[in-house]
$ cat protein_2.pdb   # PDB, C-alpha atoms, pLDDT in the B column
MODEL        1
ATOM      1  CA  TYR A  29       5.864 -18.038  61.390  1.00 53.00           C
ATOM      2  CA  GLN A  30       6.054 -14.422  60.118  1.00 50.00           C
ATOM      3  CA  ARG A  31       9.105 -15.217  57.969  1.00 55.00           C
ATOM      4  CA  ARG A  32       7.204 -18.016  56.254  1.00 57.00           C
ATOM      5  CA  VAL A  33       4.225 -15.735  55.619  1.00 51.00           C
ATOM      6  CA  HIS A  34       6.420 -12.917  54.292  1.00 57.00           C
ATOM      7  CA  GLY A  35       8.360 -15.429  52.195  1.00 60.00           C
ATOM      8  CA  ARG A  36       5.117 -16.715  50.654  1.00 62.00           C
ATOM      9  CA  GLN A  37       3.891 -13.172  50.038  1.00 65.00           C
ATOM     10  CA  ASN A  38       7.171 -12.275  48.295  1.00 67.00           C
ATOM     11  CA  ARG A  39       6.983 -15.416  46.144  1.00 71.00           C
ATOM     12  CA  MET A  40       3.369 -14.586  45.275  1.00 71.00           C
ATOM     13  CA  ARG A  41       4.319 -11.029  44.318  1.00 73.00           C
ATOM     14  CA  THR A  42       7.163 -12.354  42.198  1.00 70.00           C
ATOM     15  CA  ALA A  43       4.832 -14.857  40.505  1.00 67.00           C
ATOM     16  CA  ILE A  44       2.257 -12.129  39.792  1.00 73.00           C
ATOM     17  CA  VAL A  45       4.911  -9.822  38.331  1.00 66.00           C
ATOM     18  CA  LEU A  46       6.260 -12.647  36.145  1.00 71.00           C
ATOM     19  CA  LEU A  47       2.751 -13.515  34.989  1.00 70.00           C
ATOM     20  CA  PHE A  48       2.147  -9.855  34.112  1.00 68.00           C
ATOM     21  CA  VAL A  49       5.405  -9.707  32.125  1.00 64.00           C
ATOM     22  CA  VAL A  50       4.490 -12.886  30.215  1.00 64.00           C
ATOM     23  CA  VAL A  51       1.024 -11.510  29.375  1.00 66.00           C
ATOM     24  CA  VAL A  52       2.469  -8.195  28.151  1.00 63.00           C
ATOM     25  CA  PHE A  53       5.054  -9.894  25.914  1.00 62.00           C
ATOM     26  CA  ALA A  54       2.521 -12.388  24.565  1.00 62.00           C
ATOM     27  CA  THR A  55       0.127  -9.552  23.713  1.00 63.00           C
ATOM     28  CA  ALA A  56       2.891  -7.597  21.974  1.00 55.00           C
ATOM     29  CA  ALA A  57       3.959 -10.667  19.984  1.00 54.00           C
ATOM     30  CA  PHE A  58       0.356 -11.337  18.926  1.00 51.00           C
ATOM     31  CA  ALA A  59      -0.098  -7.707  17.838  1.00 49.00           C
ATOM     32  CA  LYS A  60       3.138  -7.846  15.827  1.00 46.00           C
ATOM     33  CA  ARG A  61       2.029 -11.056  14.096  1.00 43.00           C
ATOM     34  CA  ARG A  62      -1.319  -9.474  13.345  1.00 38.00           C
ATOM     35  CA  ARG A  63       0.336  -6.403  11.758  1.00 37.00           C
ATOM     36  CA  GLN A  64       2.564  -8.627   9.627  1.00 37.00           C
ATOM     37  CA  TYR A  65      -0.498 -10.557   8.461  1.00 37.00           C
ATOM     38  CA  ALA A  66      -2.216  -7.311   7.504  1.00 36.00           C
ATOM     39  CA  ILE A  67       0.822  -6.215   5.502  1.00 37.00           C
ATOM     40  CA  HIS A  68       0.662  -9.403   3.450  1.00 41.00           C
ATOM     41  CA  GLU A  69      -3.050  -8.992   2.832  1.00 55.00           C
ATOM     42  CA  GLN A  70      -2.618  -5.689   0.999  1.00 70.00           C
ATOM     43  CA  ASP A  71       0.455  -4.397  -0.838  1.00 84.00           C
ATOM     44  CA  SER A  72       1.232  -1.261  -2.837  1.00 89.00           C
ATOM     45  CA  ILE A  73       3.048  -1.656  -6.123  1.00 93.00           C
ATOM     46  CA  CYS A  74       4.314   1.067  -8.416  1.00 92.00           C
ATOM     47  CA  GLY A  75       6.328   1.789 -11.507  1.00 93.00           C
ATOM     48  CA  TYR A  76       7.072   4.353 -14.169  1.00 93.00           C
ATOM     49  CA  ALA A  77       8.259   4.494 -17.773  1.00 93.00           C
ATOM     50  CA  ASP A  78       9.298   7.189 -20.218  1.00 92.00           C
ATOM     51  CA  ASN A  79       7.271   7.972 -23.332  1.00 90.00           C
ATOM     52  CA  GLY A  80       7.284   5.015 -25.736  1.00 91.00           C
ATOM     53  CA  GLY A  81       7.792   2.461 -22.948  1.00 93.00           C
ATOM     54  CA  SER A  82       5.301   0.720 -20.700  1.00 94.00           C
ATOM     55  CA  VAL A  83       4.677   0.103 -17.007  1.00 95.00           C
ATOM     56  CA  THR A  84       3.998  -3.455 -15.870  1.00 95.00           C
ATOM     57  CA  LEU A  85       2.340  -3.818 -12.489  1.00 95.00           C
ATOM     58  CA  ARG A  86       2.417  -7.310 -10.969  1.00 95.00           C
ATOM     59  CA  CYS A  87       0.984  -8.270  -7.582  1.00 94.00           C
ATOM     60  CA  PRO A  88       3.517 -10.074  -5.366  1.00 91.00           C
ATOM     61  CA  ASP A  89       1.267 -13.109  -4.837  1.00 90.00           C
ATOM     62  CA  PRO A  90      -0.549 -15.030  -7.620  1.00 90.00           C
ATOM     63  CA  HIS A  91      -3.696 -15.065  -5.434  1.00 90.00           C
ATOM     64  CA  MET A  92      -3.770 -11.265  -5.295  1.00 92.00           C
ATOM     65  CA  VAL A  93      -5.358  -8.847  -7.742  1.00 94.00           C
ATOM     66  CA  ILE A  94      -5.062  -5.121  -8.288  1.00 94.00           C
ATOM     67  CA  GLN A  95      -7.892  -3.690  -6.217  1.00 93.00           C
ATOM     68  CA  SER A  96      -7.428  -0.093  -7.314  1.00 93.00           C
ATOM     69  CA  ILE A  97      -5.150   2.388  -9.005  1.00 95.00           C
ATOM     70  CA  VAL A  98      -4.447   5.000  -6.335  1.00 94.00           C
ATOM     71  CA  PHE A  99      -2.182   7.179  -8.471  1.00 95.00           C
ATOM     72  CA  ALA A 100      -1.778   7.576 -12.215  1.00 95.00           C
ATOM     73  CA  SER A 101      -0.115  10.395 -14.085  1.00 94.00           C
ATOM     74  CA  TYR A 102       1.079  10.752 -17.647  1.00 94.00           C
ATOM     75  CA  GLY A 103       3.092  13.918 -18.111  1.00 92.00           C
ATOM     76  CA  LEU A 104       5.871  14.919 -15.751  1.00 91.00           C
ATOM     77  CA  PRO A 105       4.958  13.155 -12.485  1.00 93.00           C
ATOM     78  CA  HIS A 106       7.397  13.290  -9.601  1.00 92.00           C
ATOM     79  CA  VAL A 107       8.693   9.796  -8.791  1.00 91.00           C
ATOM     80  CA  GLY A 108      10.931   8.629  -6.000  1.00 84.00           C
ATOM     81  CA  PHE A 109      12.341   5.547  -4.348  1.00 83.00           C
ATOM     82  CA  ASN A 110       9.015   4.355  -2.935  1.00 86.00           C
ATOM     83  CA  CYS A 111       5.381   4.386  -3.982  1.00 87.00           C
ATOM     84  CA  ASP A 112       4.366   7.021  -1.404  1.00 88.00           C
ATOM     85  CA  SER A 113       6.630   9.646  -2.958  1.00 89.00           C
ATOM     86  CA  TYR A 114       4.853   9.794  -6.349  1.00 93.00           C
ATOM     87  CA  ALA A 115       3.126  13.124  -7.027  1.00 93.00           C
ATOM     88  CA  ILE A 116       1.390  14.919  -9.900  1.00 92.00           C
ATOM     89  CA  ASP A 117       2.991  17.896 -11.625  1.00 91.00           C
ATOM     90  CA  GLU A 118      -0.086  20.081 -12.165  1.00 88.00           C
ATOM     91  CA  THR A 119       1.569  21.908 -15.077  1.00 89.00           C
ATOM     92  CA  CYS A 120       1.916  18.686 -17.100  1.00 90.00           C
ATOM     93  CA  HIS A 121      -0.603  15.936 -16.334  1.00 92.00           C
ATOM     94  CA  SER A 122      -3.126  14.070 -18.505  1.00 91.00           C
ATOM     95  CA  ARG A 123      -6.537  13.861 -16.856  1.00 89.00           C
ATOM     96  CA  PHE A 124      -7.152  10.553 -18.686  1.00 88.00           C
ATOM     97  CA  SER A 125      -4.284   8.750 -16.928  1.00 91.00           C
ATOM     98  CA  HIS A 126      -6.282   7.290 -14.060  1.00 92.00           C
ATOM     99  CA  THR A 127      -9.292   6.164 -16.096  1.00 91.00           C
ATOM    100  CA  TYR A 128      -7.146   4.406 -18.696  1.00 92.00           C
ATOM    101  CA  ALA A 129      -4.996   2.561 -16.104  1.00 94.00           C
ATOM    102  CA  ASN A 130      -8.087   1.630 -14.063  1.00 93.00           C
ATOM    103  CA  ARG A 131      -9.755  -0.012 -17.065  1.00 93.00           C
ATOM    104  CA  LEU A 132      -6.670  -2.080 -17.873  1.00 94.00           C
ATOM    105  CA  CYS A 133      -5.567  -3.115 -14.387  1.00 95.00           C
ATOM    106  CA  VAL A 134      -8.378  -3.483 -11.844  1.00 94.00           C
ATOM    107  CA  ASN A 135      -9.127  -7.126 -10.924  1.00 93.00           C
ATOM    108  CA  GLN A 136      -5.978  -8.343 -12.734  1.00 94.00           C
ATOM    109  CA  ASN A 137      -2.951  -9.977 -11.111  1.00 94.00           C
ATOM    110  CA  GLU A 138      -0.727  -8.246 -13.667  1.00 95.00           C
ATOM    111  CA  CYS A 139      -1.211  -5.524 -16.246  1.00 95.00           C
ATOM    112  CA  THR A 140       0.887  -3.537 -18.690  1.00 96.00           C
ATOM    113  CA  VAL A 141       0.041   0.078 -19.466  1.00 95.00           C
ATOM    114  CA  SER A 142       1.722   1.898 -22.346  1.00 93.00           C
ATOM    115  CA  ALA A 143       3.212   5.357 -21.989  1.00 93.00           C
ATOM    116  CA  SER A 144       2.462   7.245 -25.179  1.00 89.00           C
ATOM    117  CA  THR A 145       0.888  10.447 -26.366  1.00 86.00           C
ATOM    118  CA  ALA A 146      -1.336   8.303 -28.635  1.00 86.00           C
ATOM    119  CA  GLU A 147      -3.182   7.107 -25.504  1.00 86.00           C
ATOM    120  CA  TYR A 148      -3.175  10.291 -23.402  1.00 86.00           C
ATOM    121  CA  GLY A 149      -2.606  13.197 -25.754  1.00 83.00           C
ATOM    122  CA  GLN A 150       0.077  15.830 -25.175  1.00 86.00           C
ATOM    123  CA  PRO A 151      -0.358  17.019 -21.567  1.00 86.00           C
ATOM    124  CA  CYS A 152       2.561  19.467 -21.538  1.00 83.00           C
ATOM    125  CA  ILE A 153       2.518  22.929 -23.023  1.00 77.00           C
ATOM    126  CA  GLU A 154       6.208  22.577 -23.871  1.00 71.00           C
ATOM    127  CA  SER A 155       6.021  19.533 -26.157  1.00 63.00           C
ATOM    128  CA  GLN A 156       9.797  18.985 -26.253  1.00 63.00           C
ATOM    129  CA  LYS A 157       9.738  17.678 -22.675  1.00 71.00           C
ATOM    130  CA  THR A 158       9.898  13.890 -22.343  1.00 81.00           C
ATOM    131  CA  ASN A 159       6.673  12.628 -20.840  1.00 89.00           C
ATOM    132  CA  ARG A 160       6.481   9.652 -18.531  1.00 92.00           C
ATOM    133  CA  LEU A 161       3.774   7.469 -17.029  1.00 94.00           C
ATOM    134  CA  ALA A 162       3.777   6.726 -13.290  1.00 95.00           C
ATOM    135  CA  LEU A 163       1.361   4.334 -11.565  1.00 95.00           C
ATOM    136  CA  VAL A 164       0.666   3.216  -8.001  1.00 95.00           C
ATOM    137  CA  ALA A 165      -1.752   0.360  -7.344  1.00 95.00           C
ATOM    138  CA  VAL A 166      -2.999  -1.591  -4.344  1.00 94.00           C
ATOM    139  CA  CYS A 167      -3.052  -5.387  -4.518  1.00 94.00           C
ATOM    140  CA  THR A 168      -5.244  -7.422  -2.217  1.00 92.00           C
ATOM    141  CA  LYS A 169      -6.206 -11.049  -1.801  1.00 88.00           C
ATOM    142  CA  ARG A 170      -9.355 -11.739  -3.714  1.00 74.00           C
ATOM    143  CA  SER A 171     -12.273 -13.045  -1.751  1.00 62.00           C
ATOM    144  CA  PRO A 172     -13.932 -15.930  -3.639  1.00 54.00           C
ATOM    145  CA  ASN A 173     -17.447 -14.620  -2.869  1.00 49.00           C
ATOM    146  CA  ALA A 174     -16.876 -10.893  -3.236  1.00 47.00           C
ATOM    147  CA  GLY A 175     -16.614  -8.822  -6.364  1.00 47.00           C
ATOM    148  CA  TRP A 176     -15.622  -5.198  -6.659  1.00 44.00           C
ATOM    149  CA  ASN A 177     -17.565  -2.502  -8.350  1.00 44.00           C
ATOM    150  CA  TYR A 178     -15.475   0.384  -9.655  1.00 42.00           C
ATOM    151  CA  ASP A 179     -16.452   3.469 -11.514  1.00 42.00           C
ATOM    152  CA  ASP A 180     -14.287   5.181 -14.096  1.00 42.00           C
ATOM    153  CA  ALA A 181     -14.621   8.615 -12.560  1.00 43.00           C
ATOM    154  CA  GLY A 182     -10.835   8.985 -12.409  1.00 43.00           C
ATOM    155  CA  THR A 183     -10.852   9.568  -8.659  1.00 46.00           C
ATOM    156  CA  GLN A 184      -7.452   9.289  -7.056  1.00 48.00           C
ATOM    157  CA  ASP A 185      -6.243   8.997  -3.507  1.00 47.00           C
ATOM    158  CA  PRO A 186      -5.892  12.642  -2.347  1.00 47.00           C
ATOM    159  CA  LYS A 187      -2.460  12.094  -0.769  1.00 46.00           C
ATOM    160  CA  TYR A 188      -0.979  11.641  -4.269  1.00 47.00           C
ATOM    161  CA  SER A 189      -2.519  14.812  -5.717  1.00 45.00           C
ATOM    162  CA  ARG A 190      -0.078  17.166  -4.053  1.00 41.00           C
ATOM    163  CA  GLY A 191       2.795  18.713  -5.942  1.00 40.00           C
ATOM    164  CA  LEU A 192       6.377  18.799  -4.683  1.00 35.00           C
TER     165      LEU A 192
ENDMDL
END
$ encode --input "protein_2.pdb" --output "structure tokens"
Amino acid sequence: YQRRVHGRQNRMRTAIVLLFVVVVFATAAFAKRRRQYAIHEQDSICGYADNGGSVTLRCPDPHMVIQSIVFASYGLPHVGFNCDSYAIDETCHSRFSHTYANRLCVNQNECTVSASTAEYGQPCIESQKTNRLALVAVCTKRSPNAGWNYDDAGTQDPKYSRGL
């Protein structure tokens, strides 16, 4: 009799442990799917061009629009291999960069911003340096009932304001 009871108890323990393992893996899989969904709901896009060229920002999905310009610099911005590495060079930066890009791009699926001293002025003291325009924007799916209200204050995400 005791062997049968112990055998049932061991099978019950095994079943409980297996159930626990299944719940843990199912929860982890759900969380991973949820993170992937969030990534597709909002994407960063970026680009840069030398003086005389232009930067075209295009959201990856036709149902997305540019929600905001989080970084804009005409002058000598530091650019890298990904959008998070862009940074302002305080010695050569036009303060009009963000406002101009914001006006052209917000609520658009795609926009093209020119890189020229005619738009921004000469931000560098040493005028022989080749200026460039660098932009980082956030695209998001547009809600059919919601609109966005943006000001043109030229406010940028603080993480991009640091120098290298």
$ closest_residue --input "protein_2.pdb" --among "A:Pro105, A:Arg41, A:Ala162, A:Tyr114" --to "Ala129 in chain A" --atoms "only C-alpha atoms"
A:Ala162
$ residues_near_point --input "protein_2.pdb" --point "(-4.2, -5.4, -8.5)" --cutoff "8 Å" --atoms "only C-alpha atoms" --output "ChimeraX atom specification"
/A:85-87,92-97,133-138,165-168
$ residues_around --input "protein_2.pdb" --residues "range 142-152 of chain A" --least-positions-apart "2" --cutoff "6 Å" --atoms "all atoms listed in the file" --output "VMD selection string"
chain A and resid 79 to 82 103 120 to 122 154 to 155 161
$ atom_distance --input "protein_2.pdb" --atom1 "CA of Val141 in chain A" --atom2 "CA of Arg170 in chain A"
21.8 Å
$ atom_distance --input "protein_2.pdb" --atom1 "CA of Cys111 in chain A" --atom2 "CA of Asp78 in chain A"
16.9 Å
$ atom_distance --input "protein_2.pdb" --atom1 "CA of Lys169 in chain A" --atom2 "CA of Gln70 in chain A"
7.0 Å
$ closest_residue --input "protein_2.pdb" --among "A:Ile153, A:Thr84, A:Tyr102, A:Glu118" --to "Leu132 in chain A" --atoms "only C-alpha atoms"
A:Thr84
$ resolve_selection --input "protein_2.pdb" --expression "the PyMOL selection byres ((chain A and resi 108) around 12)" --output "count of residues only"
17
$ build_atoms --input "protein_2.pdb" --residues "range 74-85 of chain A" --atoms "all heavy atoms" --output "JSON list (two decimals), keeping the file's coordinate frame"
[["chain", "number", "residue", "atom", "x", "y", "z"],
["A", 74, "CYS", "N", 4.22, -0.13, -7.60],
["A", 74, "CYS", "CA", 4.31, 1.07, -8.42],
["A", 74, "CYS", "C", 5.37, 0.89, -9.49],
["A", 74, "CYS", "O", 6.19, -0.03, -9.44],
["A", 74, "CYS", "CB", 4.63, 2.29, -7.56],
["A", 74, "CYS", "SG", 6.12, 2.14, -6.55],
["A", 75, "GLY", "N", 5.33, 1.79, -10.45],
["A", 75, "GLY", "CA", 6.33, 1.79, -11.51],
["A", 75, "GLY", "C", 6.15, 2.99, -12.41],
["A", 75, "GLY", "O", 5.13, 3.67, -12.36],
["A", 76, "TYR", "N", 7.17, 3.25, -13.21],
["A", 76, "TYR", "CA", 7.07, 4.35, -14.17],
["A", 76, "TYR", "C", 7.89, 4.02, -15.41],
["A", 76, "TYR", "O", 8.77, 3.16, -15.39],
["A", 76, "TYR", "CB", 7.52, 5.68, -13.55],
["A", 76, "TYR", "CG", 8.97, 5.75, -13.16],
["A", 76, "TYR", "CD1", 9.92, 6.25, -14.05],
["A", 76, "TYR", "CD2", 9.39, 5.33, -11.90],
["A", 76, "TYR", "CE1", 11.25, 6.31, -13.70],
["A", 76, "TYR", "CE2", 10.72, 5.40, -11.54],
["A", 76, "TYR", "CZ", 11.66, 5.89, -12.44],
["A", 76, "TYR", "OH", 12.97, 5.95, -12.09],
["A", 77, "ALA", "N", 7.55, 4.68, -16.50],
["A", 77, "ALA", "CA", 8.26, 4.49, -17.77],
["A", 77, "ALA", "C", 8.21, 5.78, -18.56],
["A", 77, "ALA", "O", 7.24, 6.54, -18.49],
["A", 77, "ALA", "CB", 7.63, 3.36, -18.57],
["A", 78, "ASP", "N", 9.26, 6.03, -19.33],
["A", 78, "ASP", "CA", 9.30, 7.19, -20.22],
["A", 78, "ASP", "C", 8.41, 6.95, -21.42],
["A", 78, "ASP", "O", 8.01, 5.82, -21.72],
["A", 78, "ASP", "CB", 10.73, 7.47, -20.67],
["A", 78, "ASP", "CG", 11.59, 8.04, -19.55],
["A", 78, "ASP", "OD1", 11.02, 8.68, -18.64],
["A", 78, "ASP", "OD2", 12.82, 7.83, -19.59],
["A", 79, "ASN", "N", 8.10, 8.04, -22.13],
["A", 79, "ASN", "CA", 7.27, 7.97, -23.33],
["A", 79, "ASN", "C", 7.81, 6.91, -24.29],
["A", 79, "ASN", "O", 9.00, 6.81, -24.54],
["A", 79, "ASN", "CB", 7.26, 9.34, -24.01],
["A", 79, "ASN", "CG", 6.20, 9.43, -25.06],
["A", 79, "ASN", "OD1", 5.07, 9.02, -24.84],
["A", 79, "ASN", "ND2", 6.55, 9.99, -26.21],
["A", 80, "GLY", "N", 6.90, 6.09, -24.83],
["A", 80, "GLY", "CA", 7.28, 5.01, -25.74],
["A", 80, "GLY", "C", 7.49, 3.68, -25.04],
["A", 80, "GLY", "O", 7.50, 2.64, -25.66],
["A", 81, "GLY", "N", 7.63, 3.69, -23.72],
["A", 81, "GLY", "CA", 7.79, 2.46, -22.95],
["A", 81, "GLY", "C", 6.46, 2.01, -22.37],
["A", 81, "GLY", "O", 5.39, 2.44, -22.82],
["A", 82, "SER", "N", 6.52, 1.16, -21.36],
["A", 82, "SER", "CA", 5.30, 0.72, -20.70],
["A", 82, "SER", "C", 5.61, 0.37, -19.25],
["A", 82, "SER", "O", 6.74, 0.07, -18.89],
["A", 82, "SER", "CB", 4.70, -0.49, -21.41],
["A", 82, "SER", "OG", 5.60, -1.57, -21.40],
["A", 83, "VAL", "N", 4.58, 0.45, -18.42],
["A", 83, "VAL", "CA", 4.68, 0.10, -17.01],
["A", 83, "VAL", "C", 3.94, -1.22, -16.80],
["A", 83, "VAL", "O", 2.78, -1.34, -17.17],
["A", 83, "VAL", "CB", 4.04, 1.19, -16.11],
["A", 83, "VAL", "CG1", 4.10, 0.78, -14.65],
["A", 83, "VAL", "CG2", 4.71, 2.53, -16.33],
["A", 84, "THR", "N", 4.64, -2.20, -16.22],
["A", 84, "THR", "CA", 4.00, -3.46, -15.87],
["A", 84, "THR", "C", 3.86, -3.52, -14.36],
["A", 84, "THR", "O", 4.85, -3.39, -13.63],
["A", 84, "THR", "CB", 4.81, -4.67, -16.38],
["A", 84, "THR", "OG1", 4.88, -4.61, -17.80],
["A", 84, "THR", "CG2", 4.18, -5.97, -15.96],
["A", 85, "LEU", "N", 2.63, -3.66, -13.91],
["A", 85, "LEU", "CA", 2.34, -3.82, -12.49],
["A", 85, "LEU", "C", 1.99, -5.28, -12.25],
["A", 85, "LEU", "O", 1.14, -5.84, -12.94],
["A", 85, "LEU", "CB", 1.16, -2.94, -12.07],
["A", 85, "LEU", "CG", 1.35, -1.43, -12.23],
["A", 85, "LEU", "CD1", 0.05, -0.71, -11.88],
["A", 85, "LEU", "CD2", 2.49, -0.93, -11.37]]
